[in-house]
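Coordinates from structure.tsv are shown below (TSV, N, CA and C atoms).
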```tsv
chain	number	residue	atom	x	y	z
W	49	MET	N	-21.09	-11.62	-1.12
W	49	MET	CA	-20.03	-10.64	-1.02
W	49	MET	C	-20.37	-9.63	0.07
W	50	ALA	N	-19.76	-9.78	1.18
W	50	ALA	CA	-20.02	-8.89	2.30
W	50	ALA	C	-19.60	-7.46	1.97
W	51	GLY	N	-20.44	-6.51	2.31
W	51	GLY	CA	-20.09	-5.12	2.15
W	51	GLY	C	-20.38	-4.52	0.79
W	52	ILE	N	-20.75	-5.33	-0.19
W	52	ILE	CA	-21.01	-4.79	-1.52
W	52	ILE	C	-22.50	-4.52	-1.65
W	53	LYS	N	-22.83	-3.27	-2.01
W	53	LYS	CA	-24.22	-2.85	-2.09
W	53	LYS	C	-24.73	-2.83	-3.52
W	54	HIS	N	-23.94	-3.36	-4.44
W	54	HIS	CA	-24.30	-3.38	-5.84
W	54	HIS	C	-24.43	-4.83	-6.29
W	55	PRO	N	-25.17	-5.06	-7.39
W	55	PRO	CA	-25.28	-6.44	-7.88
W	55	PRO	C	-23.91	-7.01	-8.25
W	56	VAL	N	-23.71	-8.27	-7.89
W	56	VAL	CA	-22.48	-8.99	-8.21
W	56	VAL	C	-22.83	-10.09	-9.21
W	57	THR	N	-22.03	-10.20	-10.26
W	57	THR	CA	-22.30	-11.20	-11.29
W	57	THR	C	-22.29	-12.60	-10.67
W	58	PRO	N	-23.04	-13.52	-11.26
W	58	PRO	CA	-23.13	-14.87	-10.70
W	58	PRO	C	-21.78	-15.56	-10.53
W	59	ASP	N	-20.80	-15.22	-11.35
W	59	ASP	CA	-19.49	-15.85	-11.23
W	59	ASP	C	-18.58	-15.14	-10.23
W	60	GLY	N	-19.07	-14.04	-9.62
W	60	GLY	CA	-18.31	-13.33	-8.60
W	60	GLY	C	-17.13	-12.54	-9.13
W	61	ARG	N	-17.11	-12.24	-10.42
W	61	ARG	CA	-15.98	-11.53	-11.00
W	61	ARG	C	-16.17	-10.01	-11.00
W	62	TYR	N	-17.41	-9.56	-11.06
W	62	TYR	CA	-17.68	-8.13	-11.20
W	62	TYR	C	-18.84	-7.70	-10.31
W	63	PHE	N	-18.87	-6.39	-10.02
W	63	PHE	CA	-20.08	-5.78	-9.48
W	63	PHE	C	-20.49	-4.71	-10.48
W	64	VAL	N	-21.75	-4.28	-10.41
W	64	VAL	CA	-22.28	-3.35	-11.39
W	64	VAL	C	-22.67	-2.04	-10.72
W	65	VAL	N	-22.17	-0.93	-11.27
W	65	VAL	CA	-22.53	0.41	-10.82
W	65	VAL	C	-22.92	1.21	-12.06
W	66	LYS	N	-24.13	1.77	-12.02
W	66	LYS	CA	-24.63	2.58	-13.13
W	66	LYS	C	-24.46	1.89	-14.48
W	67	GLY	N	-24.75	0.59	-14.51
W	67	GLY	CA	-24.72	-0.16	-15.75
W	67	GLY	C	-23.34	-0.55	-16.24
W	68	LYS	N	-22.31	-0.35	-15.41
W	68	LYS	CA	-20.94	-0.67	-15.82
W	68	LYS	C	-20.36	-1.74	-14.90
W	69	LEU	N	-19.62	-2.68	-15.49
W	69	LEU	CA	-18.97	-3.74	-14.74
W	69	LEU	C	-17.64	-3.25	-14.16
W	70	TRP	N	-17.41	-3.61	-12.91
W	70	TRP	CA	-16.14	-3.30	-12.24
W	70	TRP	C	-15.61	-4.59	-11.64
W	71	ARG	N	-14.36	-4.92	-11.95
W	71	ARG	CA	-13.78	-6.18	-11.49
W	71	ARG	C	-13.59	-6.19	-9.98
W	72	LEU	N	-13.98	-7.29	-9.38
W	72	LEU	CA	-13.78	-7.50	-7.94
W	72	LEU	C	-12.36	-7.99	-7.67
W	73	SER	N	-11.95	-7.89	-6.43
W	73	SER	CA	-10.65	-8.39	-6.01
W	73	SER	C	-10.60	-9.91	-6.12
W	74	ASP	N	-9.41	-10.41	-6.26
W	74	ASP	CA	-9.17	-11.85	-6.31
W	74	ASP	C	-9.56	-12.46	-4.96
W	75	PRO	N	-10.53	-13.37	-4.95
W	75	PRO	CA	-10.95	-13.96	-3.67
W	75	PRO	C	-9.91	-14.89	-3.05
W	76	GLU	N	-8.88	-15.24	-3.81
W	76	GLU	CA	-7.84	-16.15	-3.30
W	76	GLU	C	-6.69	-15.43	-2.60
W	77	ILE	N	-6.73	-14.11	-2.55
W	77	ILE	CA	-5.65	-13.38	-1.86
W	77	ILE	C	-5.71	-13.70	-0.37
W	78	GLU	N	-4.55	-13.99	0.19
W	78	GLU	CA	-4.47	-14.30	1.62
W	78	GLU	C	-4.97	-13.10	2.42
W	79	PRO	N	-5.76	-13.34	3.49
W	79	PRO	CA	-6.37	-12.23	4.24
W	79	PRO	C	-5.40	-11.14	4.70
W	80	ARG	N	-4.24	-11.50	5.21
W	80	ARG	CA	-3.28	-10.47	5.65
W	80	ARG	C	-2.81	-9.62	4.48
W	81	GLU	N	-2.57	-10.26	3.34
W	81	GLU	CA	-2.14	-9.52	2.15
W	81	GLU	C	-3.26	-8.61	1.66
W	82	ARG	N	-4.50	-9.10	1.73
W	82	ARG	CA	-5.65	-8.27	1.33
W	82	ARG	C	-5.73	-7.02	2.21
W	83	VAL	N	-5.58	-7.19	3.50
W	83	VAL	CA	-5.62	-6.05	4.43
W	83	VAL	C	-4.52	-5.06	4.09
W	84	ARG	N	-3.31	-5.56	3.83
W	84	ARG	CA	-2.19	-4.70	3.49
W	84	ARG	C	-2.46	-3.92	2.21
W	85	LEU	N	-2.98	-4.61	1.19
W	85	LEU	CA	-3.25	-3.96	-0.10
W	85	LEU	C	-4.39	-2.95	0.00
W	86	VAL	N	-5.42	-3.28	0.75
W	86	VAL	CA	-6.54	-2.33	0.92
W	86	VAL	C	-6.06	-1.09	1.66
W	87	LYS	N	-5.24	-1.28	2.67
W	87	LYS	CA	-4.68	-0.11	3.38
W	87	LYS	C	-3.84	0.74	2.43
W	88	ALA	N	-3.01	0.09	1.62
W	88	ALA	CA	-2.19	0.82	0.65
W	88	ALA	C	-3.07	1.57	-0.34
W	89	LEU	N	-4.17	0.96	-0.76
W	89	LEU	CA	-5.09	1.60	-1.69
W	89	LEU	C	-5.74	2.82	-1.05
W	90	MET	N	-6.21	2.69	0.16
W	90	MET	CA	-6.86	3.82	0.84
W	90	MET	C	-5.86	4.95	1.09
W	91	ASP	N	-4.64	4.59	1.49
W	91	ASP	CA	-3.60	5.61	1.69
W	91	ASP	C	-3.31	6.35	0.38
W	92	ALA	N	-3.22	5.61	-0.71
W	92	ALA	CA	-2.94	6.21	-2.01
W	92	ALA	C	-4.09	7.10	-2.47
W	93	ARG	N	-5.31	6.67	-2.23
W	93	ARG	CA	-6.46	7.50	-2.61
W	93	ARG	C	-6.47	8.81	-1.81
W	94	ARG	N	-6.14	8.73	-0.53
W	94	ARG	CA	-6.04	9.96	0.27
W	94	ARG	C	-4.93	10.86	-0.27
W	95	ALA	N	-3.82	10.25	-0.69
W	95	ALA	CA	-2.71	11.02	-1.24
W	95	ALA	C	-3.11	11.71	-2.54
W	96	VAL	N	-3.94	11.06	-3.35
W	96	VAL	CA	-4.46	11.70	-4.57
W	96	VAL	C	-5.26	12.94	-4.19
W	97	LYS	N	-6.15	12.78	-3.23
W	97	LYS	CA	-7.00	13.90	-2.80
W	97	LYS	C	-6.14	15.05	-2.27
W	98	ASP	N	-5.18	14.72	-1.41
W	98	ASP	CA	-4.32	15.75	-0.83
W	98	ASP	C	-3.50	16.46	-1.90
W	99	ALA	N	-2.96	15.70	-2.85
W	99	ALA	CA	-2.14	16.30	-3.91
W	99	ALA	C	-2.98	17.21	-4.80
W	100	LYS	N	-4.21	16.77	-5.09
W	100	LYS	CA	-5.10	17.61	-5.91
W	100	LYS	C	-5.43	18.91	-5.19
W	101	SER	N	-5.77	18.80	-3.92
W	101	SER	CA	-6.14	20.01	-3.18
W	101	SER	C	-4.94	20.93	-3.00
W	102	GLY	N	-3.74	20.36	-2.97
W	102	GLY	CA	-2.54	21.17	-2.83
W	102	GLY	C	-1.95	21.62	-4.16
W	103	GLY	N	-2.55	21.16	-5.26
W	103	GLY	CA	-2.07	21.56	-6.57
W	103	GLY	C	-0.70	20.99	-6.92
W	104	ASP	N	-0.34	19.87	-6.31
W	104	ASP	CA	0.97	19.26	-6.55
W	104	ASP	C	0.82	18.15	-7.59
W	105	ARG	N	1.05	18.49	-8.85
W	105	ARG	CA	0.84	17.54	-9.95
W	105	ARG	C	1.77	16.33	-9.85
W	106	ASP	N	3.03	16.53	-9.47
W	106	ASP	CA	3.96	15.41	-9.35
W	106	ASP	C	3.51	14.44	-8.26
W	107	ALA	N	3.09	14.97	-7.11
W	107	ALA	CA	2.61	14.12	-6.02
W	107	ALA	C	1.33	13.40	-6.44
W	108	GLU	N	0.48	14.07	-7.21
W	108	GLU	CA	-0.75	13.44	-7.69
W	108	GLU	C	-0.43	12.27	-8.61
W	109	LEU	N	0.50	12.48	-9.53
W	109	LEU	CA	0.88	11.39	-10.44
W	109	LEU	C	1.44	10.19	-9.68
W	110	GLU	N	2.27	10.46	-8.68
W	110	GLU	CA	2.83	9.38	-7.86
W	110	GLU	C	1.72	8.67	-7.08
W	111	ALA	N	0.77	9.42	-6.55
W	111	ALA	CA	-0.34	8.82	-5.81
W	111	ALA	C	-1.20	7.95	-6.73
W	112	HIS	N	-1.45	8.41	-7.96
W	112	HIS	CA	-2.21	7.61	-8.93
W	112	HIS	C	-1.46	6.32	-9.26
W	113	ARG	N	-0.14	6.40	-9.35
W	113	ARG	CA	0.66	5.21	-9.60
W	113	ARG	C	0.51	4.20	-8.45
W	114	ARG	N	0.48	4.72	-7.22
W	114	ARG	CA	0.30	3.85	-6.05
W	114	ARG	C	-1.10	3.24	-6.02
W	115	VAL	N	-2.12	4.00	-6.43
W	115	VAL	CA	-3.48	3.44	-6.53
W	115	VAL	C	-3.48	2.28	-7.51
W	116	ASP	N	-2.88	2.50	-8.68
W	116	ASP	CA	-2.83	1.46	-9.70
W	116	ASP	C	-2.10	0.23	-9.20
W	117	GLU	N	-0.98	0.44	-8.52
W	117	GLU	CA	-0.20	-0.69	-7.98
W	117	GLU	C	-1.04	-1.51	-7.00
W	118	ALA	N	-1.75	-0.85	-6.11
W	118	ALA	CA	-2.58	-1.57	-5.13
W	118	ALA	C	-3.72	-2.31	-5.83
W	119	LYS	N	-4.36	-1.67	-6.80
W	119	LYS	CA	-5.46	-2.31	-7.51
W	119	LYS	C	-4.97	-3.52	-8.30
W	120	ARG	N	-3.79	-3.43	-8.87
W	120	ARG	CA	-3.21	-4.58	-9.57
W	120	ARG	C	-2.91	-5.70	-8.58
W	121	GLY	N	-2.39	-5.36	-7.41
W	121	GLY	CA	-2.13	-6.36	-6.39
W	121	GLY	C	-3.39	-7.07	-5.94
W	122	LEU	N	-4.49	-6.32	-5.88
W	122	LEU	CA	-5.77	-6.90	-5.48
W	122	LEU	C	-6.43	-7.70	-6.61
W	123	GLY	N	-5.93	-7.55	-7.82
W	123	GLY	CA	-6.52	-8.25	-8.96
W	123	GLY	C	-7.63	-7.48	-9.63
W	124	GLU	N	-7.83	-6.22	-9.25
W	124	GLU	CA	-8.89	-5.41	-9.84
W	124	GLU	C	-8.48	-4.82	-11.18
W	125	ARG	N	-7.19	-4.80	-11.46
W	125	ARG	CA	-6.64	-4.35	-12.73
W	125	ARG	C	-5.55	-5.33	-13.14
W	126	GLY	N	-5.12	-5.20	-14.39
W	126	GLY	CA	-4.05	-6.07	-14.88
W	126	GLY	C	-4.58	-7.42	-15.27
W	127	PRO	N	-3.72	-8.44	-15.25
W	127	PRO	CA	-4.14	-9.77	-15.66
W	127	PRO	C	-5.31	-10.27	-14.79
W	128	VAL	N	-6.23	-10.97	-15.42
W	128	VAL	CA	-7.39	-11.50	-14.67
W	128	VAL	C	-6.93	-12.57	-13.69
W	129	TRP	N	-7.70	-12.73	-12.63
W	129	TRP	CA	-7.35	-13.70	-11.60
W	129	TRP	C	-8.02	-15.06	-11.81
W	130	TRP	N	-8.91	-15.17	-12.77
W	130	TRP	CA	-9.54	-16.46	-13.04
W	130	TRP	C	-8.76	-17.16	-14.14
W	131	GLY	N	-8.87	-18.47	-14.18
W	131	GLY	CA	-8.04	-19.25	-15.10
W	131	GLY	C	-8.78	-20.00	-16.17
W	132	ASP	N	-10.04	-19.65	-16.42
W	132	ASP	CA	-10.81	-20.41	-17.41
W	132	ASP	C	-10.76	-19.82	-18.82
W	133	GLY	N	-9.96	-18.79	-19.00
W	133	GLY	CA	-9.82	-18.19	-20.32
W	133	GLY	C	-10.89	-17.18	-20.69
W	134	ALA	N	-11.83	-16.92	-19.79
W	134	ALA	CA	-12.89	-15.95	-20.08
W	134	ALA	C	-12.28	-14.56	-20.20
W	135	PRO	N	-12.79	-13.76	-21.15
W	135	PRO	CA	-12.24	-12.41	-21.33
W	135	PRO	C	-12.59	-11.49	-20.16
W	136	ASP	N	-11.88	-10.38	-20.11
W	136	ASP	CA	-12.11	-9.39	-19.07
W	136	ASP	C	-13.08	-8.33	-19.59
W	137	PHE	N	-14.15	-8.10	-18.84
W	137	PHE	CA	-15.13	-7.08	-19.20
W	137	PHE	C	-15.10	-5.90	-18.23
W	138	ASN	N	-13.99	-5.73	-17.52
W	138	ASN	CA	-13.86	-4.62	-16.58
W	138	ASN	C	-14.11	-3.30	-17.30
W	139	ARG	N	-14.95	-2.47	-16.69
W	139	ARG	CA	-15.30	-1.14	-17.20
W	139	ARG	C	-16.14	-1.16	-18.47
W	140	HIS	N	-16.68	-2.30	-18.84
W	140	HIS	CA	-17.58	-2.38	-19.99
W	140	HIS	C	-19.01	-2.14	-19.52
W	141	LEU	N	-19.82	-1.59	-20.40
W	141	LEU	CA	-21.25	-1.50	-20.11
W	141	LEU	C	-21.79	-2.92	-20.08
W	142	VAL	N	-22.51	-3.25	-19.02
W	142	VAL	CA	-22.99	-4.61	-18.85
W	142	VAL	C	-23.90	-5.02	-20.01
W	143	LYS	N	-24.62	-4.08	-20.58
W	143	LYS	CA	-25.54	-4.41	-21.68
W	143	LYS	C	-24.80	-4.90	-22.93
W	144	ASN	N	-23.50	-4.64	-23.01
W	144	ASN	CA	-22.70	-5.07	-24.16
W	144	ASN	C	-21.85	-6.29	-23.87
W	145	THR	N	-22.21	-7.04	-22.83
W	145	THR	CA	-21.42	-8.20	-22.42
W	145	THR	C	-22.32	-9.43	-22.28
W	146	PRO	N	-21.74	-10.59	-22.06
W	146	PRO	CA	-22.53	-11.80	-21.83
W	146	PRO	C	-23.38	-11.73	-20.55
W	147	TYR	N	-23.17	-10.71	-19.71
W	147	TYR	CA	-23.94	-10.56	-18.47
W	147	TYR	C	-25.24	-9.77	-18.69
W	148	ALA	N	-25.52	-9.36	-19.90
W	148	ALA	CA	-26.67	-8.49	-20.18
W	148	ALA	C	-27.99	-9.11	-19.73
W	149	ALA	N	-28.24	-10.36	-20.08
W	149	ALA	CA	-29.52	-10.99	-19.71
W	149	ALA	C	-29.63	-11.12	-18.19
W	150	TRP	N	-28.56	-11.51	-17.53
W	150	TRP	CA	-28.56	-11.61	-16.07
W	150	TRP	C	-28.90	-10.26	-15.46
W	151	TYR	N	-28.25	-9.20	-15.93
W	151	TYR	CA	-28.45	-7.87	-15.37
W	151	TYR	C	-29.88	-7.38	-15.62
W	152	SER	N	-30.40	-7.67	-16.78
W	152	SER	CA	-31.77	-7.28	-17.10
W	152	SER	C	-32.75	-7.89	-16.08
W	153	LYS	N	-32.51	-9.12	-15.70
W	153	LYS	CA	-33.36	-9.79	-14.70
W	153	LYS	C	-33.19	-9.13	-13.33
W	154	GLN	N	-31.97	-8.70	-13.01
W	154	GLN	CA	-31.72	-8.05	-11.73
W	154	GLN	C	-32.53	-6.75	-11.61
W	155	ARG	N	-32.56	-6.02	-12.69
W	155	ARG	CA	-33.21	-4.71	-12.70
W	155	ARG	C	-34.73	-4.85	-12.71
W	156	SER	N	-35.25	-5.92	-13.29
W	156	SER	CA	-36.71	-6.07	-13.38
W	156	SER	C	-37.27	-6.84	-12.19
W	157	GLY	N	-36.40	-7.47	-11.43
W	157	GLY	CA	-36.86	-8.33	-10.34
W	157	GLY	C	-36.97	-7.71	-9.04
```

Spit out the file's structure as structure tokens when you get a sec.
Amino acid sequence: MAGIKHPVTPDGRYFVVKGKLWRLSDPEIEPRERVRLVKALMDARRAVKDAKSGGDRDAELEAHRRVDEAKRGLGERGPVWWGDGAPDFNRHLVKNTPYAAWYSKQRSG
């Protein structure tokens, strides 16, 4: 996974930050669509920051909605992008998931 500085689960579904799993983007998204969605996500995140600093609660709520929409488009939220029926462990502590033994080895190795 280019650009990721955190451990990535062997199945490529999550990366780990501070002991928590975060779902990765769907690797099957067409490159142009991925670029469009990432740009939309970054624009929305900037809009959240600007709305917060300006004290505009309505604009902040709209910006958060746009962040969520982009993340869903990327497959980081909403229905899982894999088709094998495995459950979603997004935002779970890795120690409480089937990835616990793998992560333990990452930390000790």

Residue with smallest distance to Glu110 (chain W) - pool W:Ile77, W:Leu122, W:Ala95, W:Ala148, counting all atoms listed in the file: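 Smallest separation from Glu110 (chain W) among the options: W:Ala95.
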
Among the residues W:Arg71, W:Lys100, W:Arg93, W:Arg113, the one that comes closest to Arg125 (chain W) [using only N, CA and C atoms]: W:Arg71

Pick from W:Ala92, W:Glu108, W:Phe137, W:Ala99 nearest to Val64 (chain W), counting only C-alpha atoms: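 Result for the nearest residue to Val64 (chain W): W:Phe137.
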
Point-to-point distance in Å for CA of Val115 (chain W) and CA of Tyr62 (chain W): 18.9 Å

Straight-line distance linking CA of Lys119 (chain W) with CA of His140 (chain W), stated in Å to one decimal: 17.4 Å

Every residue of chain W that DSSP places in alpha helix (DSSP H), as a ChimeraX atom specification: /W:79-102,105-122,148-156
